[in-house]
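Asker: My questions will all concern the structure given below.
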Amino acid sequence: MAVSTSVKTIREAWFQLNGVMCLYKPTQISWKQMRNTLAFNISRDINELEQDAPRKYVKIESLTDGTNVDLPAPASYSVTTIPNLADHELVRGPAILADDLRLQPGNLLGFRTAGVVVVGLNKGNRSLHNLNLSRPTSAYHIKSQFGLATDSHWDDGKVWEKSTFIHISRDKLDRMLASIQASNQKKMFEYCGVDPQSQTAYELASKGLLRPAVNGPPLIYGIKCVHFNPPDFTLEIHCVNENEQYMAALIHDLGLSLKTTAVCQQIRCIRYGCFTVDDALLRKHWSLEYLPDHMSHCHTKLRSLPDIGPQLATYDRLQSSQNPPTKS
């Protein structure tokens, strides 16, 4: 549940600031830098809210002089309440520190990759965990260039080779992409750990899109060319268990398959699960002013997701049958 826009005090904001956020990660920054920026902005904005009144300190004093030991104990006292200095801002320091916020990414993008990153905040990490259990697919736009080969498979690396690309047509590229997609579709049942001709494979396929049972090798569900203007071209890839190095190497191997070379120029994540770039907050909006309403929107999208219980139950039954308990 996200924080309400009517919250005015630090205590109310802290106990209600839990949820899932969809942020747009710029390129050339790491997750650590992104996390530090987000935590700093949230803690700064919370500390600027209205301070809670200090707790009252009960002070009990004797009304008689108790220095004379020969006199009986005093029988009358005065009870007063004064502000507790332990709650004063100059004594305790900032109410919320950046390290107090528990931020975890749902999909970890590489240093060069920009796009959608789903982040869990405090108790929102539970919802993020449930989202990751469904093995959501990711969609990427990869801008590339024919005719170059570098040591890093990126256009800013050390050039190893230059080659011609005039023989490449849109039809040849589409046929090669269709071949890559078909070879990955054959691996779906293998990564799920089932025989394609078995009853379990039929049950998995009838419940929806097949997904790997565990985090393993990358798997491409769809790949197509959305822009072709040699030497530049752009691919749209739908996949799971991917990483930045894999996609850069995929572009390199694609160039070799077409009897030329190719390098990667830009990778942009446009979707992760049910979250798209239209839902993502830009860096200038990573503040308490925009996050509450945004987390409420993300919470609504998560509630609309279909139940993955039947498919997970099939995976659990499959794994238990493959790994029977050993007799002691």
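Going by the structure tokens order, chains are called A, B, ..., each with residues numbered from 1, while ligands are numbered from 1 in the order shown.
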As a PyMOL selection string, which residues of region 70-137 of chain A does DSSP assign to strand (DSSP E or B)?

Answerer: chain A and resi 77-83+103-105+114-121

Asker: With N, CA, C and O atoms retained, export the selected residues as a PDB file, in the first residue's frame.

Answerer:
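This is the output file again_12.pdb:
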ATOM      1  N   TYR A  77       5.512  15.502  46.891  1.00  0.00           N
ATOM      2  CA  TYR A  77       6.304  15.585  45.661  1.00  0.00           C
ATOM      3  C   TYR A  77       5.554  16.444  44.647  1.00  0.00           C
ATOM      4  O   TYR A  77       4.335  16.610  44.738  1.00  0.00           O
ATOM      5  N   SER A  78       6.311  16.948  43.703  1.00  0.00           N
ATOM      6  CA  SER A  78       5.713  17.674  42.576  1.00  0.00           C
ATOM      7  C   SER A  78       5.991  16.902  41.294  1.00  0.00           C
ATOM      8  O   SER A  78       7.108  16.432  41.080  1.00  0.00           O
ATOM      9  N   VAL A  79       4.963  16.755  40.478  1.00  0.00           N
ATOM     10  CA  VAL A  79       5.080  16.022  39.211  1.00  0.00           C
ATOM     11  C   VAL A  79       4.863  17.005  38.071  1.00  0.00           C
ATOM     12  O   VAL A  79       3.819  17.650  37.983  1.00  0.00           O
ATOM     13  N   THR A  80       5.862  17.115  37.199  1.00  0.00           N
ATOM     14  CA  THR A  80       5.785  18.011  36.038  1.00  0.00           C
ATOM     15  C   THR A  80       6.183  17.244  34.784  1.00  0.00           C
ATOM     16  O   THR A  80       6.891  16.231  34.852  1.00  0.00           O
ATOM     17  N   THR A  81       5.708  17.708  33.650  1.00  0.00           N
ATOM     18  CA  THR A  81       6.071  17.111  32.360  1.00  0.00           C
ATOM     19  C   THR A  81       6.783  18.161  31.519  1.00  0.00           C
ATOM     20  O   THR A  81       6.323  19.297  31.400  1.00  0.00           O
ATOM     21  N   ILE A  82       7.907  17.757  30.984  1.00  0.00           N
ATOM     22  CA  ILE A  82       8.713  18.642  30.145  1.00  0.00           C
ATOM     23  C   ILE A  82       9.041  17.902  28.843  1.00  0.00           C
ATOM     24  O   ILE A  82       8.992  16.660  28.790  1.00  0.00           O
ATOM     25  N   PRO A  83       9.334  18.604  27.746  1.00  0.00           N
ATOM     26  CA  PRO A  83       9.706  17.931  26.494  1.00  0.00           C
ATOM     27  C   PRO A  83      10.955  17.074  26.665  1.00  0.00           C
ATOM     28  O   PRO A  83      11.917  17.471  27.341  1.00  0.00           O
ATOM     29  N   LEU A 103      15.532  -1.081  -0.507  1.00  0.00           N
ATOM     30  CA  LEU A 103      15.240  -0.997  -1.932  1.00  0.00           C
ATOM     31  C   LEU A 103      15.862  -2.194  -2.641  1.00  0.00           C
ATOM     32  O   LEU A 103      17.059  -2.459  -2.479  1.00  0.00           O
ATOM     33  N   GLN A 104      15.046  -2.910  -3.421  1.00  0.00           N
ATOM     34  CA  GLN A 104      15.523  -4.069  -4.166  1.00  0.00           C
ATOM     35  C   GLN A 104      15.000  -4.001  -5.595  1.00  0.00           C
ATOM     36  O   GLN A 104      13.828  -3.669  -5.807  1.00  0.00           O
ATOM     37  N   PRO A 105      15.858  -4.313  -6.584  1.00  0.00           N
ATOM     38  CA  PRO A 105      15.397  -4.295  -7.982  1.00  0.00           C
ATOM     39  C   PRO A 105      14.771  -5.612  -8.381  1.00  0.00           C
ATOM     40  O   PRO A 105      15.220  -6.689  -7.971  1.00  0.00           O
ATOM     41  N   ALA A 114      19.505   1.156 -20.682  1.00  0.00           N
ATOM     42  CA  ALA A 114      18.512   2.078 -20.130  1.00  0.00           C
ATOM     43  C   ALA A 114      17.138   1.430 -20.211  1.00  0.00           C
ATOM     44  O   ALA A 114      16.936   0.447 -20.921  1.00  0.00           O
ATOM     45  N   GLY A 115      16.198   1.999 -19.459  1.00  0.00           N
ATOM     46  CA  GLY A 115      14.828   1.513 -19.575  1.00  0.00           C
ATOM     47  C   GLY A 115      14.171   1.224 -18.251  1.00  0.00           C
ATOM     48  O   GLY A 115      14.535   1.784 -17.204  1.00  0.00           O
ATOM     49  N   VAL A 116      13.200   0.323 -18.287  1.00  0.00           N
ATOM     50  CA  VAL A 116      12.303   0.054 -17.161  1.00  0.00           C
ATOM     51  C   VAL A 116      13.019  -0.770 -16.100  1.00  0.00           C
ATOM     52  O   VAL A 116      13.606  -1.815 -16.406  1.00  0.00           O
ATOM     53  N   VAL A 117      12.947  -0.286 -14.854  1.00  0.00           N
ATOM     54  CA  VAL A 117      13.426  -1.038 -13.687  1.00  0.00           C
ATOM     55  C   VAL A 117      12.326  -1.010 -12.636  1.00  0.00           C
ATOM     56  O   VAL A 117      11.857   0.061 -12.258  1.00  0.00           O
ATOM     57  N   VAL A 118      11.912  -2.185 -12.182  1.00  0.00           N
ATOM     58  CA  VAL A 118      10.886  -2.303 -11.148  1.00  0.00           C
ATOM     59  C   VAL A 118      11.592  -2.442  -9.805  1.00  0.00           C
ATOM     60  O   VAL A 118      12.444  -3.330  -9.634  1.00  0.00           O
ATOM     61  N   VAL A 119      11.249  -1.572  -8.856  1.00  0.00           N
ATOM     62  CA  VAL A 119      11.943  -1.504  -7.565  1.00  0.00           C
ATOM     63  C   VAL A 119      10.927  -1.679  -6.450  1.00  0.00           C
ATOM     64  O   VAL A 119       9.843  -1.072  -6.473  1.00  0.00           O
ATOM     65  N   GLY A 120      11.272  -2.503  -5.471  1.00  0.00           N
ATOM     66  CA  GLY A 120      10.452  -2.684  -4.285  1.00  0.00           C
ATOM     67  C   GLY A 120      10.965  -1.831  -3.142  1.00  0.00           C
ATOM     68  O   GLY A 120      12.179  -1.715  -2.942  1.00  0.00           O
ATOM     69  N   LEU A 121      10.056  -1.219  -2.389  1.00  0.00           N
ATOM     70  CA  LEU A 121      10.408  -0.346  -1.268  1.00  0.00           C
ATOM     71  C   LEU A 121       9.821  -0.916   0.012  1.00  0.00           C
ATOM     72  O   LEU A 121       8.594  -1.085   0.120  1.00  0.00           O
TER      73      LEU A 121
END

Asker: With the cut-off set at 9 Å and counting only C-alpha atoms, tabulate each residue of region 18-91 of chain A with an atom at most that distance from an atom of region 273-297 of chain A, showing the nearest atom pair and its distance in Å to one decimal, ordered by chain and increasing number, as CSV.

Answerer:
residue,atom,partner,partner_atom,distance
A:Asn18,CA,A:Met295,CA,8.3
A:Gly19,CA,A:Met295,CA,5.8
A:Val20,CA,A:Met295,CA,5.7
A:Met21,CA,A:Met295,CA,5.5
A:Cys22,CA,A:Ala280,CA,4.8
A:Leu23,CA,A:Ala280,CA,4.5
A:Tyr24,CA,A:Ala280,CA,5.2
A:Lys25,CA,A:Arg283,CA,7.5
A:Pro26,CA,A:Arg283,CA,7.8
A:Thr37,CA,A:Trp286,CA,8.4
A:Leu38,CA,A:Trp286,CA,6.2
A:Asn41,CA,A:Ser287,CA,5.6
A:Ile42,CA,A:Ser287,CA,5.8
A:Ser43,CA,A:Leu288,CA,8.9
A:Arg44,CA,A:Ser287,CA,8.9
A:Asp45,CA,A:Leu288,CA,6.0
A:Ile46,CA,A:Leu288,CA,7.4

Asker: For the residues in the current selection, export C-alpha atoms as a short mmCIF file (atom, residue, chain, number, x, y, z; two decimals), in the first residue's frame.

Answerer:
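Contents of out_11.cif, freshly written:
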data_model
loop_
_atom_site.label_atom_id
_atom_site.label_comp_id
_atom_site.auth_asym_id
_atom_site.auth_seq_id
_atom_site.Cartn_x
_atom_site.Cartn_y
_atom_site.Cartn_z
CA ASN A 18 5.67 0.58 1.19
CA GLY A 19 5.11 -0.50 -2.39
CA VAL A 20 6.49 -1.19 -5.85
CA MET A 21 7.84 1.49 -8.18
CA CYS A 22 8.51 1.45 -11.92
CA LEU A 23 11.44 3.74 -12.73
CA TYR A 24 13.24 4.66 -15.94
CA LYS A 25 16.96 3.99 -15.56
CA PRO A 26 19.24 6.25 -17.60
CA THR A 37 19.97 8.64 -5.66
CA LEU A 38 16.50 7.26 -4.97
CA ASN A 41 15.66 11.83 -2.50
CA ILE A 42 13.11 9.92 -0.42
CA SER A 43 14.89 10.46 2.90
CA ARG A 44 15.43 14.15 2.13
CA ASP A 45 11.75 14.72 1.30
CA ILE A 46 10.54 12.81 4.36
#

Asker: From the options A:Asp87, A:Tyr140, A:Ser169, A:Gln265, which residue's atoms come nearest to Asp155 (chain A), counting only C-alpha atoms?

Answerer: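 The answer is A:Gln265, which sits nearest to Asp155 (chain A).
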
Asker: DSSP on the backbone: which residues in region 167-278 of chain A end up as helix (DSSP H, G or I)? Give the answer as an MDAnalysis selection string.

Answerer: chainID A and resid 170:192 199:206 244:257
